[in-house]
$ cat work.cif   # mmCIF, C-alpha atoms
data_target
loop_
_atom_site.label_atom_id
_atom_site.label_comp_id
_atom_site.auth_asym_id
_atom_site.auth_seq_id
_atom_site.Cartn_x
_atom_site.Cartn_y
_atom_site.Cartn_z
CA MET A 1 3.43 -15.74 -1.57
CA LEU A 2 -0.28 -16.39 -1.45
CA SER A 3 -0.28 -17.64 -5.01
CA ARG A 4 2.35 -20.28 -4.18
CA LYS A 5 0.22 -21.55 -1.30
CA GLY A 6 -2.74 -22.03 -3.62
CA ILE A 7 -4.88 -19.37 -1.96
CA ILE A 8 -4.70 -16.96 -4.89
CA PRO A 9 -4.48 -18.16 -8.50
CA GLU A 10 -1.64 -16.97 -10.64
CA GLU A 11 -3.84 -15.73 -13.49
CA TYR A 12 -3.95 -12.26 -12.00
CA VAL A 13 -1.64 -9.99 -10.07
CA LEU A 14 -1.89 -8.58 -6.56
CA THR A 15 -1.33 -4.85 -6.57
CA ARG A 16 1.41 -4.87 -3.93
CA LEU A 17 3.18 -8.13 -4.67
CA ALA A 18 6.56 -7.89 -6.30
CA GLU A 19 6.66 -8.31 -10.03
CA ASP A 20 8.00 -11.47 -11.57
CA VAL A 21 11.52 -10.87 -12.80
CA PRO A 22 11.73 -11.90 -16.46
CA ASP A 23 14.33 -14.34 -17.62
CA PRO A 24 17.27 -12.23 -18.87
CA GLY A 25 18.30 -14.92 -21.32
CA ARG A 26 14.88 -15.05 -22.90
CA TYR A 27 14.31 -11.31 -23.18
CA ARG A 28 17.86 -10.19 -23.70
CA ALA A 29 17.22 -8.53 -27.06
CA ARG A 30 13.99 -6.91 -25.93
CA GLU A 31 14.24 -3.26 -24.94
CA ARG A 32 11.09 -2.51 -23.04
CA ARG A 33 9.85 0.92 -22.10
CA ALA A 34 10.57 1.82 -18.49
CA ARG A 35 7.50 1.82 -16.31
CA PHE A 36 6.32 4.92 -14.52
CA VAL A 37 4.23 2.82 -12.10
CA GLY A 38 4.97 -0.84 -11.50
CA LYS A 39 2.44 -3.65 -11.53
CA ASN A 40 2.71 -3.75 -7.73
CA GLY A 41 1.88 -0.04 -7.49
CA ALA A 42 5.40 1.22 -6.72
CA CYS A 43 6.41 4.41 -8.51
CA ASN A 44 9.56 3.94 -10.58
CA VAL A 45 11.03 7.37 -9.83
CA ALA A 46 14.47 8.03 -8.31
CA HIS A 47 14.97 11.37 -6.56
CA LYS A 48 18.53 12.61 -6.94
CA ASN A 49 20.57 15.71 -6.08
CA ILE A 50 18.23 16.93 -3.33
CA ARG A 51 20.09 19.85 -1.81
CA GLU A 52 17.70 20.85 0.97
CA GLN A 53 17.94 17.66 3.05
CA GLY A 54 16.93 19.59 6.16
CA ARG A 55 13.32 19.67 5.02
CA PHE A 56 12.99 16.01 5.99
CA LEU A 57 13.98 16.84 9.57
CA GLN A 58 11.23 19.44 9.79
CA ASP A 59 8.74 16.57 9.61
CA VAL A 60 10.49 14.01 11.81
CA PHE A 61 7.44 11.85 12.44
CA THR A 62 6.69 11.27 8.75
CA THR A 63 10.39 10.61 8.12
CA LEU A 64 10.41 7.94 10.83
CA VAL A 65 7.27 6.31 9.45
CA ASP A 66 8.70 6.25 5.91
CA LEU A 67 11.91 4.53 7.02
CA LYS A 68 12.41 0.81 6.60
CA TRP A 69 11.72 -1.46 9.54
CA PRO A 70 15.39 -2.19 10.42
CA HIS A 71 16.18 1.52 10.52
CA THR A 72 13.07 2.27 12.58
CA LEU A 73 13.89 -0.42 15.14
CA ILE A 74 17.48 0.82 15.45
CA ILE A 75 16.29 4.38 16.04
CA PHE A 76 13.66 3.08 18.51
CA THR A 77 16.31 1.24 20.54
CA MET A 78 18.99 3.92 20.39
CA SER A 79 16.59 6.69 21.42
CA PHE A 80 15.78 4.95 24.70
CA LEU A 81 19.37 3.92 25.37
CA CYS A 82 20.66 7.43 24.76
CA SER A 83 18.00 8.97 27.01
CA TRP A 84 18.81 6.51 29.81
CA LEU A 85 22.55 7.17 29.49
CA LEU A 86 22.06 10.94 29.36
CA PHE A 87 19.95 11.08 32.50
CA ALA A 88 22.23 8.54 34.21
CA LEU A 89 25.08 10.99 33.68
CA VAL A 90 22.98 13.80 35.15
CA TRP A 91 22.08 11.70 38.20
CA TRP A 92 25.74 10.75 38.69
CA LEU A 93 26.78 14.42 38.53
CA ILE A 94 24.12 15.36 41.08
CA ALA A 95 25.30 12.64 43.43
CA PHE A 96 28.93 13.60 42.88
CA ALA A 97 28.27 17.29 43.55
CA HIS A 98 26.36 16.48 46.73
CA GLY A 99 29.07 14.16 47.97
CA ASP A 100 27.05 10.96 47.86
CA LEU A 101 29.92 9.14 46.15
CA ASP A 102 32.52 10.18 48.73
CA GLN A 103 33.78 7.22 50.77
CA SER A 104 33.84 9.25 53.96
CA THR A 105 30.21 10.26 53.71
CA ARG A 106 29.17 6.77 52.67
CA GLY A 107 30.76 5.44 55.87
CA HIS A 108 28.44 7.59 57.99
CA LEU A 109 25.29 6.21 56.37
CA ARG A 110 23.20 3.85 58.46
CA GLY A 111 22.87 0.27 57.28
CA ASP A 112 19.12 0.02 57.90
CA GLY A 113 18.29 1.47 54.48
CA GLY A 114 16.76 4.62 55.89
CA GLY A 115 19.37 6.80 54.23
CA LEU A 116 20.08 8.93 57.31
CA GLY A 117 23.63 8.99 58.59
CA ALA A 118 24.75 9.15 62.22
CA GLY A 119 25.98 12.68 61.63
CA GLY A 120 22.77 13.72 59.91
CA PHE A 121 24.00 13.23 56.29
CA VAL A 122 21.18 12.54 53.82
CA PRO A 123 22.02 11.57 50.18
CA CYS A 124 20.03 12.77 47.16
CA VAL A 125 19.39 9.21 46.04
CA THR A 126 19.92 6.28 48.35
CA GLU A 127 22.07 3.30 47.32
CA MET A 128 23.80 5.19 44.48
CA HIS A 129 27.50 4.36 44.59
CA SER A 130 28.69 4.46 40.95
CA PHE A 131 27.69 5.27 37.39
CA THR A 132 26.21 1.79 37.06
CA SER A 133 23.83 2.40 39.94
CA ALA A 134 23.00 5.82 38.43
CA PHE A 135 22.19 4.12 35.09
CA LEU A 136 19.91 1.61 36.83
CA PHE A 137 18.15 4.41 38.72
CA SER A 138 17.65 6.30 35.41
CA ILE A 139 15.93 3.26 33.91
CA GLU A 140 13.74 2.86 37.01
CA VAL A 141 12.65 6.50 36.86
CA GLN A 142 11.86 6.60 33.11
CA VAL A 143 10.02 3.30 32.82
CA THR A 144 8.53 3.49 36.35
CA ILE A 145 9.85 0.12 37.46
CA GLY A 146 10.63 1.07 41.10
CA PHE A 147 12.45 -1.91 42.58
CA GLY A 148 12.71 -0.05 45.90
CA GLY A 149 16.46 -0.31 46.47
CA ARG A 150 17.15 3.22 45.23
CA MET A 151 14.83 6.12 45.97
CA MET A 152 14.64 9.88 46.09
CA THR A 153 14.98 11.98 49.25
CA GLU A 154 14.01 15.55 50.08
CA GLU A 155 17.62 16.65 50.37
CA CYS A 156 18.28 17.91 46.80
CA PRO A 157 15.84 20.23 44.97
CA ALA A 158 17.90 19.75 41.80
CA ALA A 159 17.28 16.02 41.94
CA ILE A 160 13.54 16.56 42.35
CA PHE A 161 13.50 18.90 39.36
CA MET A 162 15.46 16.36 37.28
CA LEU A 163 12.97 13.67 38.26
CA LEU A 164 10.16 15.76 36.78
CA VAL A 165 12.15 16.51 33.61
CA GLN A 166 12.99 12.85 32.99
CA ASN A 167 9.38 11.77 33.47
CA ILE A 168 8.15 14.36 30.94
CA VAL A 169 10.88 13.49 28.43
CA GLY A 170 10.13 9.79 28.85
CA LEU A 171 6.41 10.30 28.18
CA VAL A 172 7.11 12.36 25.05
CA LEU A 173 9.61 9.81 23.77
CA ASN A 174 7.21 6.92 24.41
CA SER A 175 4.35 8.64 22.60
CA ILE A 176 6.48 9.46 19.55
CA MET A 177 8.06 6.05 19.16
CA LEU A 178 4.92 4.04 19.92
CA GLY A 179 2.92 6.27 17.55
CA CYS A 180 5.53 5.67 14.86
CA ILE A 181 5.35 1.89 15.34
CA PHE A 182 1.54 1.97 15.25
CA MET A 183 1.45 4.02 12.04
CA LYS A 184 3.91 1.70 10.33
CA THR A 185 1.85 -1.37 11.20
CA ALA A 186 -1.45 0.30 10.21
CA GLN A 187 -0.30 1.93 6.98
CA ALA A 188 -2.97 2.25 4.32
CA HIS A 189 -1.06 0.34 1.64
CA ARG A 190 -1.37 -2.86 3.69
CA ARG A 191 -5.06 -2.99 2.84
CA ALA A 192 -4.21 -2.61 -0.84
CA GLU A 193 -2.57 -6.05 -0.76
CA THR A 194 -6.01 -7.59 -1.30
CA LEU A 195 -7.16 -5.15 -4.00
CA ILE A 196 -6.39 -6.83 -7.30
CA PHE A 197 -6.28 -5.84 -10.96
CA SER A 198 -6.26 -8.05 -14.01
CA LYS A 199 -2.78 -8.73 -15.37
CA HIS A 200 -3.80 -7.57 -18.85
CA ALA A 201 -6.20 -4.97 -20.15
CA VAL A 202 -8.29 -5.57 -23.26
CA ILE A 203 -9.75 -3.53 -26.11
CA ALA A 204 -12.96 -4.80 -27.67
CA LEU A 205 -16.35 -3.66 -28.87
CA ARG A 206 -19.03 -2.72 -26.37
CA GLU A 207 -22.31 -1.19 -27.54
CA GLY A 208 -20.78 -0.72 -30.99
CA LYS A 209 -17.77 1.29 -29.73
CA LEU A 210 -14.19 0.34 -29.02
CA CYS A 211 -13.58 0.28 -25.27
CA PHE A 212 -10.52 -0.12 -23.09
CA MET A 213 -11.44 -2.57 -20.30
CA LEU A 214 -9.85 -3.99 -17.17
CA ARG A 215 -11.08 -5.97 -14.20
CA VAL A 216 -10.72 -4.99 -10.54
CA GLY A 217 -11.67 -6.95 -7.42
CA ASP A 218 -11.39 -7.10 -3.64
CA LEU A 219 -10.49 -10.34 -1.88
CA ARG A 220 -11.72 -9.27 1.56
CA LYS A 221 -15.30 -9.27 2.79
CA SER A 222 -14.81 -5.92 4.53
CA MET A 223 -15.70 -3.26 2.00
CA ILE A 224 -13.89 -0.23 0.64
CA ILE A 225 -16.19 2.69 1.35
CA SER A 226 -16.54 5.51 -1.20
CA ALA A 227 -14.29 3.69 -3.64
CA THR A 228 -13.34 5.69 -6.72
CA ILE A 229 -11.25 4.73 -9.69
CA ARG A 230 -9.50 6.91 -12.22
CA MET A 231 -7.14 6.35 -15.10
CA GLN A 232 -4.32 8.26 -16.73
CA VAL A 233 -2.28 7.82 -19.87
CA VAL A 234 1.41 8.61 -19.49
CA LYS A 235 3.35 9.24 -22.68
CA LYS A 236 5.97 11.50 -24.15
CA THR A 237 4.50 14.54 -25.88
CA SER A 238 5.71 17.79 -27.38
CA SER A 239 3.94 21.15 -27.55
CA LEU A 240 3.53 23.42 -30.58
CA GLU A 241 6.39 25.54 -29.26
CA GLY A 242 8.74 22.56 -29.27
CA GLU A 243 8.66 21.87 -25.53
CA VAL A 244 9.13 18.16 -24.82
CA VAL A 245 7.19 16.70 -21.88
CA PRO A 246 8.73 13.28 -21.12
CA LEU A 247 5.92 12.14 -18.77
CA ASN A 248 2.72 13.87 -19.77
CA GLN A 249 -0.17 12.68 -17.59
CA ILE A 250 -3.53 12.78 -19.36
CA ASP A 251 -6.74 12.00 -17.45
CA ILE A 252 -9.30 9.92 -19.29
CA GLN A 253 -12.90 9.30 -18.40
CA MET A 254 -13.72 5.94 -16.85
CA GLU A 255 -17.04 4.16 -17.07
CA ASN A 256 -18.32 1.42 -14.80
CA PRO A 257 -21.59 -0.46 -14.31
CA VAL A 258 -22.88 1.97 -11.65
CA GLY A 259 -21.91 5.13 -13.53
CA GLY A 260 -19.34 7.80 -12.73
CA ASN A 261 -16.02 7.19 -11.02
CA SER A 262 -17.53 5.73 -7.83
CA ILE A 263 -17.77 1.95 -7.65
CA PHE A 264 -19.49 -0.53 -5.34
CA LEU A 265 -16.71 -3.09 -5.04
CA VAL A 266 -18.54 -6.06 -3.56
CA SER A 267 -17.75 -8.36 -6.46
CA PRO A 268 -15.20 -7.98 -9.26
CA LEU A 269 -16.13 -5.29 -11.76
CA ILE A 270 -15.11 -4.62 -15.34
CA ILE A 271 -14.15 -0.97 -15.64
CA TYR A 272 -14.09 0.39 -19.17
CA HIS A 273 -13.26 3.55 -21.04
CA VAL A 274 -15.04 4.42 -24.26
CA ILE A 275 -12.45 5.35 -26.88
CA ASP A 276 -13.87 8.43 -28.57
CA LYS A 277 -12.41 11.52 -30.18
CA ASN A 278 -11.52 12.99 -26.77
CA SER A 279 -9.57 9.90 -25.73
CA PRO A 280 -5.75 9.71 -25.98
CA LEU A 281 -6.30 6.15 -27.30
CA TYR A 282 -8.28 7.44 -30.28
CA GLU A 283 -5.55 6.57 -32.79
CA VAL A 284 -4.28 3.36 -31.17
CA SER A 285 -4.41 0.35 -33.44
CA PRO A 286 -3.47 -3.34 -32.95
CA ALA A 287 -0.19 -2.76 -34.78
CA SER A 288 0.88 -0.13 -32.22
CA LEU A 289 0.46 -2.40 -29.19
CA HIS A 290 4.07 -3.55 -28.93
CA HIS A 291 6.82 -3.08 -26.34
CA HIS A 292 8.44 -0.22 -28.28
CA GLU A 293 5.31 1.93 -28.12
CA ASP A 294 5.58 4.92 -25.79
CA LEU A 295 2.32 4.29 -23.96
CA GLU A 296 1.45 3.46 -20.36
CA VAL A 297 -2.02 3.40 -18.80
CA ILE A 298 -2.10 3.97 -15.04
CA VAL A 299 -5.10 2.88 -12.96
CA ILE A 300 -5.61 4.28 -9.44
CA LEU A 301 -8.19 2.91 -6.99
CA GLU A 302 -8.89 4.92 -3.83
CA GLY A 303 -11.26 4.39 -0.93
CA VAL A 304 -11.75 4.31 2.83
CA VAL A 305 -11.11 1.08 4.71
CA GLU A 306 -14.31 0.06 6.47
CA THR A 307 -12.64 -1.40 9.57
CA THR A 308 -10.06 1.34 10.27
CA GLY A 309 -11.37 4.45 8.49
CA ILE A 310 -7.97 5.01 6.83
CA THR A 311 -7.86 6.06 3.19
CA THR A 312 -6.05 3.53 1.03
CA GLN A 313 -4.86 3.59 -2.56
CA ALA A 314 -4.00 0.77 -4.96
CA ARG A 315 -2.21 1.35 -8.25
CA THR A 316 -1.17 -0.60 -11.29
CA SER A 317 -0.24 0.12 -14.90
CA TYR A 318 -0.45 -1.42 -18.34
CA LEU A 319 2.18 -1.02 -21.01
CA ALA A 320 1.29 -1.23 -24.68
CA ASP A 321 2.21 -4.92 -24.97
CA GLU A 322 0.02 -5.71 -21.93
CA ILE A 323 -3.12 -4.52 -23.74
CA LEU A 324 -4.84 -7.33 -25.64
CA TRP A 325 -6.77 -6.39 -28.75
CA GLY A 326 -9.99 -8.18 -29.66
CA ARG A 327 -10.53 -9.97 -26.34
CA ARG A 328 -12.91 -9.64 -23.41
CA PHE A 329 -13.05 -11.03 -19.90
CA VAL A 330 -14.97 -14.19 -19.16
CA PRO A 331 -17.84 -14.10 -16.62
CA ILE A 332 -16.80 -15.22 -13.14
CA VAL A 333 -19.94 -14.49 -11.07
CA THR A 334 -22.57 -17.21 -10.82
CA GLU A 335 -25.61 -17.79 -8.64
CA GLU A 336 -25.42 -20.97 -6.59
CA ASP A 337 -27.64 -22.11 -3.73
CA GLY A 338 -29.26 -18.73 -3.23
CA GLN A 339 -26.05 -16.68 -3.17
CA TYR A 340 -23.59 -15.26 -5.66
CA SER A 341 -20.27 -17.03 -6.08
CA VAL A 342 -17.07 -15.57 -7.55
CA ASP A 343 -14.58 -17.88 -9.25
CA TYR A 344 -11.24 -16.09 -8.85
CA SER A 345 -9.43 -18.77 -10.84
CA LYS A 346 -10.85 -17.09 -13.97
CA PHE A 347 -10.22 -13.53 -12.82
CA GLY A 348 -7.79 -12.69 -15.63
CA ASN A 349 -9.06 -15.10 -18.29
CA THR A 350 -10.10 -13.63 -21.63
CA VAL A 351 -11.71 -14.93 -24.79
CA LYS A 352 -11.29 -13.75 -28.36
CA VAL A 353 -14.21 -11.79 -29.79
CA PRO A 354 -14.79 -10.21 -33.23
CA THR A 355 -13.16 -6.78 -33.21
CA PRO A 356 -12.19 -4.53 -36.13
CA ASN A 357 -8.45 -4.20 -36.63
CA CYS A 358 -8.53 -0.45 -36.96
CA THR A 359 -8.36 2.60 -34.76
CA ALA A 360 -11.40 4.14 -33.13
CA LYS A 361 -10.95 7.11 -35.43
CA GLN A 362 -11.15 4.95 -38.54
CA LEU A 363 -14.15 3.10 -37.13
CA GLU A 364 -16.00 6.34 -36.48
CA GLU A 365 -15.25 7.69 -39.96
CA ASP A 366 -16.21 4.48 -41.74
CA ARG A 367 -19.05 2.65 -40.02
CA SER A 368 -19.21 0.14 -42.86
CA ILE A 369 -16.36 -1.70 -41.13
CA MET A 370 -18.90 -2.98 -38.61
CA ASP A 371 -20.87 -4.70 -41.37
CA ALA A 372 -17.99 -7.07 -42.07
CA ILE A 373 -17.86 -8.23 -38.44
CA SER A 374 -20.09 -11.07 -37.33
CA LEU A 375 -21.06 -10.35 -33.74
CA SER A 376 -22.04 -13.23 -31.52
CA PRO A 377 -25.70 -13.06 -30.48
CA ARG A 378 -24.93 -14.56 -27.09
CA GLY A 379 -24.29 -12.05 -24.33
CA THR A 380 -21.85 -12.26 -21.52
CA ALA A 381 -24.36 -11.99 -18.66
CA ARG A 382 -23.57 -14.00 -15.59
CA LYS A 383 -24.55 -17.60 -15.67
CA ARG A 384 -27.20 -18.88 -13.35
CA SER A 385 -27.12 -22.46 -12.25
CA VAL A 386 -30.61 -23.89 -11.95
CA ARG A 387 -31.32 -27.20 -10.36
CA LEU A 388 -34.07 -29.06 -12.11
CA LYS A 389 -36.64 -30.61 -9.83
CA PRO A 390 -37.73 -34.16 -10.70
CA LYS A 391 -41.19 -34.50 -12.12
CA PHE A 392 -43.50 -37.16 -10.78
CA SER A 393 -46.68 -38.55 -12.31
CA ILE A 394 -49.30 -40.55 -10.49
CA ALA A 395 -50.97 -43.29 -12.42
CA ASP A 396 -53.91 -45.42 -11.36
CA GLU A 397 -53.05 -49.00 -10.57
CA PRO A 398 -54.68 -51.48 -12.87
CA SER A 399 -57.53 -53.28 -11.23
#

$ encode --input "work.cif" --output "structure tokens"
Amino acid sequence: MLSRKGIIPEEYVLTRLAEDVPDPGRYRARERRARFVGKNGACNVAHKNIREQGRFLQDVFTTLVDLKWPHTLIIFTMSFLCSWLLFALVWWLIAFAHGDLDQSTRGHLRGDGGGLGAGGFVPCVTEMHSFTSAFLFSIEVQVTIGFGGRMMTEECPAAIFMLLVQNIVGLVLNSIMLGCIFMKTAQAHRRAETLIFSKHAVIALREGKLCFMLRVGDLRKSMIISATIRMQVVKKTSSLEGEVVPLNQIDIQMENPVGGNSIFLVSPLIIYHVIDKNSPLYEVSPASLHHHEDLEVIVILEGVVETTGITTQARTSYLADEILWGRRFVPIVTEEDGQYSVDYSKFGNTVKVPTPNCTAKQLEEDRSIMDAISLSPRGTARKRSVRLKPKFSIADEPS
């Protein structure tokens, strides 16, 4: 783990790293809501009772890419072994049908390696005496090794046709398997390992309104082009007709410093959502942010990898007890020596700020609540380190 090596601080969470398993003895009596999306971005959904399994075989390439590495390597090895054995059997049958394996005909072959017998007998493939030699010749044909001990002759048209078939099958098999290995090593979610989200989200005042805020960052210098971020609230709802929707996904509008859903992710950004009357968090209060609350906020970051051009996606989620009320993130960007510096050790750090302990609905209906809150006059703009130059004064020497 990068955090164990000291490269990445433990105050925040990588999107693809496995979640820390809680101590069962400590949280034994705590019944937490099951996640829909894990902190590492994995979807917590189990697909069962799929009757039409044949649909996966209709898209063999995607099925091979989605398999785990041990299964892919086994299929990679067995596909070549089976093709070599299959064509070795075909070559052995061709030699057997032509009489190349007959001891009497083998005795008439010249020993100079030319393949021509004294009685004019010419084998289909020289130096093929058993199934083992046929297997070796199959490997030489498919992988184009060509040691020179065994070779084709013009005697058997069937052998020439089989040579063409094995070469074509070998090229197709190589392209499929090598393409599968390449796609597995260059999968888009590998880039998401260095896209990070804050471990907790916060709710605090911004411009006089309650806002849901989180921090997102990129550890690499190579940028994510056309990066967009969106957020959904997943909760159990019921319609007026009594229909129960166990996982109702509600899109909510995100705001960021550059406006819209597009972000310029050069340095860590604080993404926020204004909690208004159209927000599903409109009636959320500090008392409802506990582990029993049926609430999960999913954050999805998408973009194009600058170096490969592959679209990548990073995901995380926040349960109700992972949302901190009345806190905001500390500044982590400073200007030092003519460039901007990011202190990732404070990526997930928060400070307590004055925030009304009421819902956004109550705050909008009764604005007098804001009068009882003493807001700090100091802003949270990034700090700028300024080096003071020494001042010198020149005085006349006494005469």

$ atom_distance --input "work.cif" --atom1 "atom CA of Thr144 of chain A" --atom2 "atom CA of Thr62 of chain A"
28.7 Å

$ residues_around --input "work.cif" --residues "Ser198 of chain A" --least-positions-apart "4" --cutoff "12 Å" --atoms "all atoms listed in the file" --output "PyMOL selection string"
chain A and resi 9-15+39-40+202+213-218+268-271+299+315-318+322-324+328-330+344-350

$ residues_around --input "work.cif" --residues "Ser130 of chain A" --least-positions-apart "3" --cutoff "9 Å" --atoms "only C-alpha atoms" --output "PyMOL selection string"
chain A and resi 92+101+133-135

$ closest_residue --input "work.cif" --among "A:Val125, A:Ala192, A:Leu295, A:Ile224" --to "Phe264 of chain A" --atoms "all atoms listed in the file"
A:Ile224

$ resolve_selection --input "work.cif" --expression "the PyMOL selection byres ((chain A and resi 276) around 10)" --output "list in words"
Lys209, Leu210, Cys211, His273, Val274, Ile275, Lys277, Asn278, Ser279, Pro280, Leu281, Tyr282, Glu283, Ala360, Lys361 and Glu364 of chain A

$ write_last_selection --input "work.cif" --atoms "C-alpha atoms" --output "PDB file, in the frame of the given file"
ATOM      1  CA  LYS A 209     -17.770   1.290 -29.730  1.00  0.00           C
ATOM      2  CA  LEU A 210     -14.190   0.340 -29.020  1.00  0.00           C
ATOM      3  CA  CYS A 211     -13.580   0.280 -25.270  1.00  0.00           C
ATOM      4  CA  HIS A 273     -13.260   3.550 -21.040  1.00  0.00           C
ATOM      5  CA  VAL A 274     -15.040   4.420 -24.260  1.00  0.00           C
ATOM      6  CA  ILE A 275     -12.450   5.350 -26.880  1.00  0.00           C
ATOM      7  CA  LYS A 277     -12.410  11.520 -30.180  1.00  0.00           C
ATOM      8  CA  ASN A 278     -11.520  12.990 -26.770  1.00  0.00           C
ATOM      9  CA  SER A 279      -9.570   9.900 -25.730  1.00  0.00           C
ATOM     10  CA  PRO A 280      -5.750   9.710 -25.980  1.00  0.00           C
ATOM     11  CA  LEU A 281      -6.300   6.150 -27.300  1.00  0.00           C
ATOM     12  CA  TYR A 282      -8.280   7.440 -30.280  1.00  0.00           C
ATOM     13  CA  GLU A 283      -5.550   6.570 -32.790  1.00  0.00           C
ATOM     14  CA  ALA A 360     -11.400   4.140 -33.130  1.00  0.00           C
ATOM     15  CA  LYS A 361     -10.950   7.110 -35.430  1.00  0.00           C
ATOM     16  CA  GLU A 364     -16.000   6.340 -36.480  1.00  0.00           C
TER      17      GLU A 364
END

$ resolve_selection --input "work.cif" --expression "the PyMOL selection byres ((chain A and resi 325) around 10)" --output "list in words"
Ala201, Val202, Ile203, Ala204, Leu205, Phe212, Ser285, Pro286, Ala287, Leu289, Asp321, Glu322, Ile323, Leu324, Gly326, Arg327, Arg328, Lys352, Val353, Pro354, Thr355, Pro356 and Asn357 of chain A

$ closest_residue --input "work.cif" --among "A:Ile196, A:Ala186, A:Ile181, A:Ala314" --to "Met231 of chain A" --atoms "only C-alpha atoms"
A:Ala314

$ resolve_selection --input "work.cif" --expression "the PyMOL selection byres ((chain A and resi 126) around 7)" --output "list in words"
Gly115, Pro123, Cys124, Val125, Glu127, Met128, Arg150, Met151 and Met152 of chain A

$ atom_distance --input "work.cif" --atom1 "atom CA of Asp251 of chain A" --atom2 "atom CA of Gln232 of chain A"
4.5 Å

$ atom_distance --input "work.cif" --atom1 "atom CA of Leu173 of chain A" --atom2 "atom CA of Ala95 of chain A"
25.3 Å

$ residues_around --input "work.cif" --residues "Asp66 of chain A" --least-positions-apart "5" --cutoff "10 Å" --atoms "all atoms listed in the file" --output "list in words"
Val60, Phe61, His71, Thr72, Cys180, Met183 and Lys184 of chain A

$ closest_residue --input "work.cif" --among "A:Gly170, A:Gly149, A:Gly41, A:Gly208" --to "Trp84 of chain A" --atoms "all atoms listed in the file"
A:Gly170

$ axis_aligned_box --input "work.cif" --around "segment 310-315 of chain A" --padding-each-side "5 Å" --output "JSON"
{"center_x": -5.1, "center_y": 3.4, "center_z": -0.7, "size_x": 15.8, "size_y": 15.3, "size_z": 25.1}

$ residues_around --input "work.cif" --residues "Ile310 of chain A" --least-positions-apart "2" --cutoff "12 Å" --atoms "only C-alpha atoms" --output "JSON, numbers by chain"
{"A": [183, 186, 187, 188, 189, 190, 191, 192, 224, 225, 226, 302, 303, 304, 305, 306, 307, 308, 312, 313]}

$ closest_residue --input "work.cif" --among "A:Leu240, A:Lys48, A:Glu207, A:Glu335" --to "Tyr272 of chain A" --atoms "all atoms listed in the file"
A:Glu207

$ residues_near_point --input "work.cif" --point "(-13.7, 2.4, -11.8)" --cutoff "7 Å" --atoms "all atoms listed in the file" --output "list in words"
Thr228, Ile229, Arg230, Met254, Glu255, Asn256, Asn261, Ser262, Ile263 and Ile271 of chain A

$ closest_residue --input "work.cif" --among "A:Val234, A:Ile332, A:Pro157, A:Glu241" --to "Asp294 of chain A" --atoms "only C-alpha atoms"
A:Val234

$ closest_residue --input "work.cif" --among "A:Ser368, A:Gln362, A:Gly309, A:Ala158" --to "Ile94 of chain A" --atoms "only C-alpha atoms"
A:Ala158
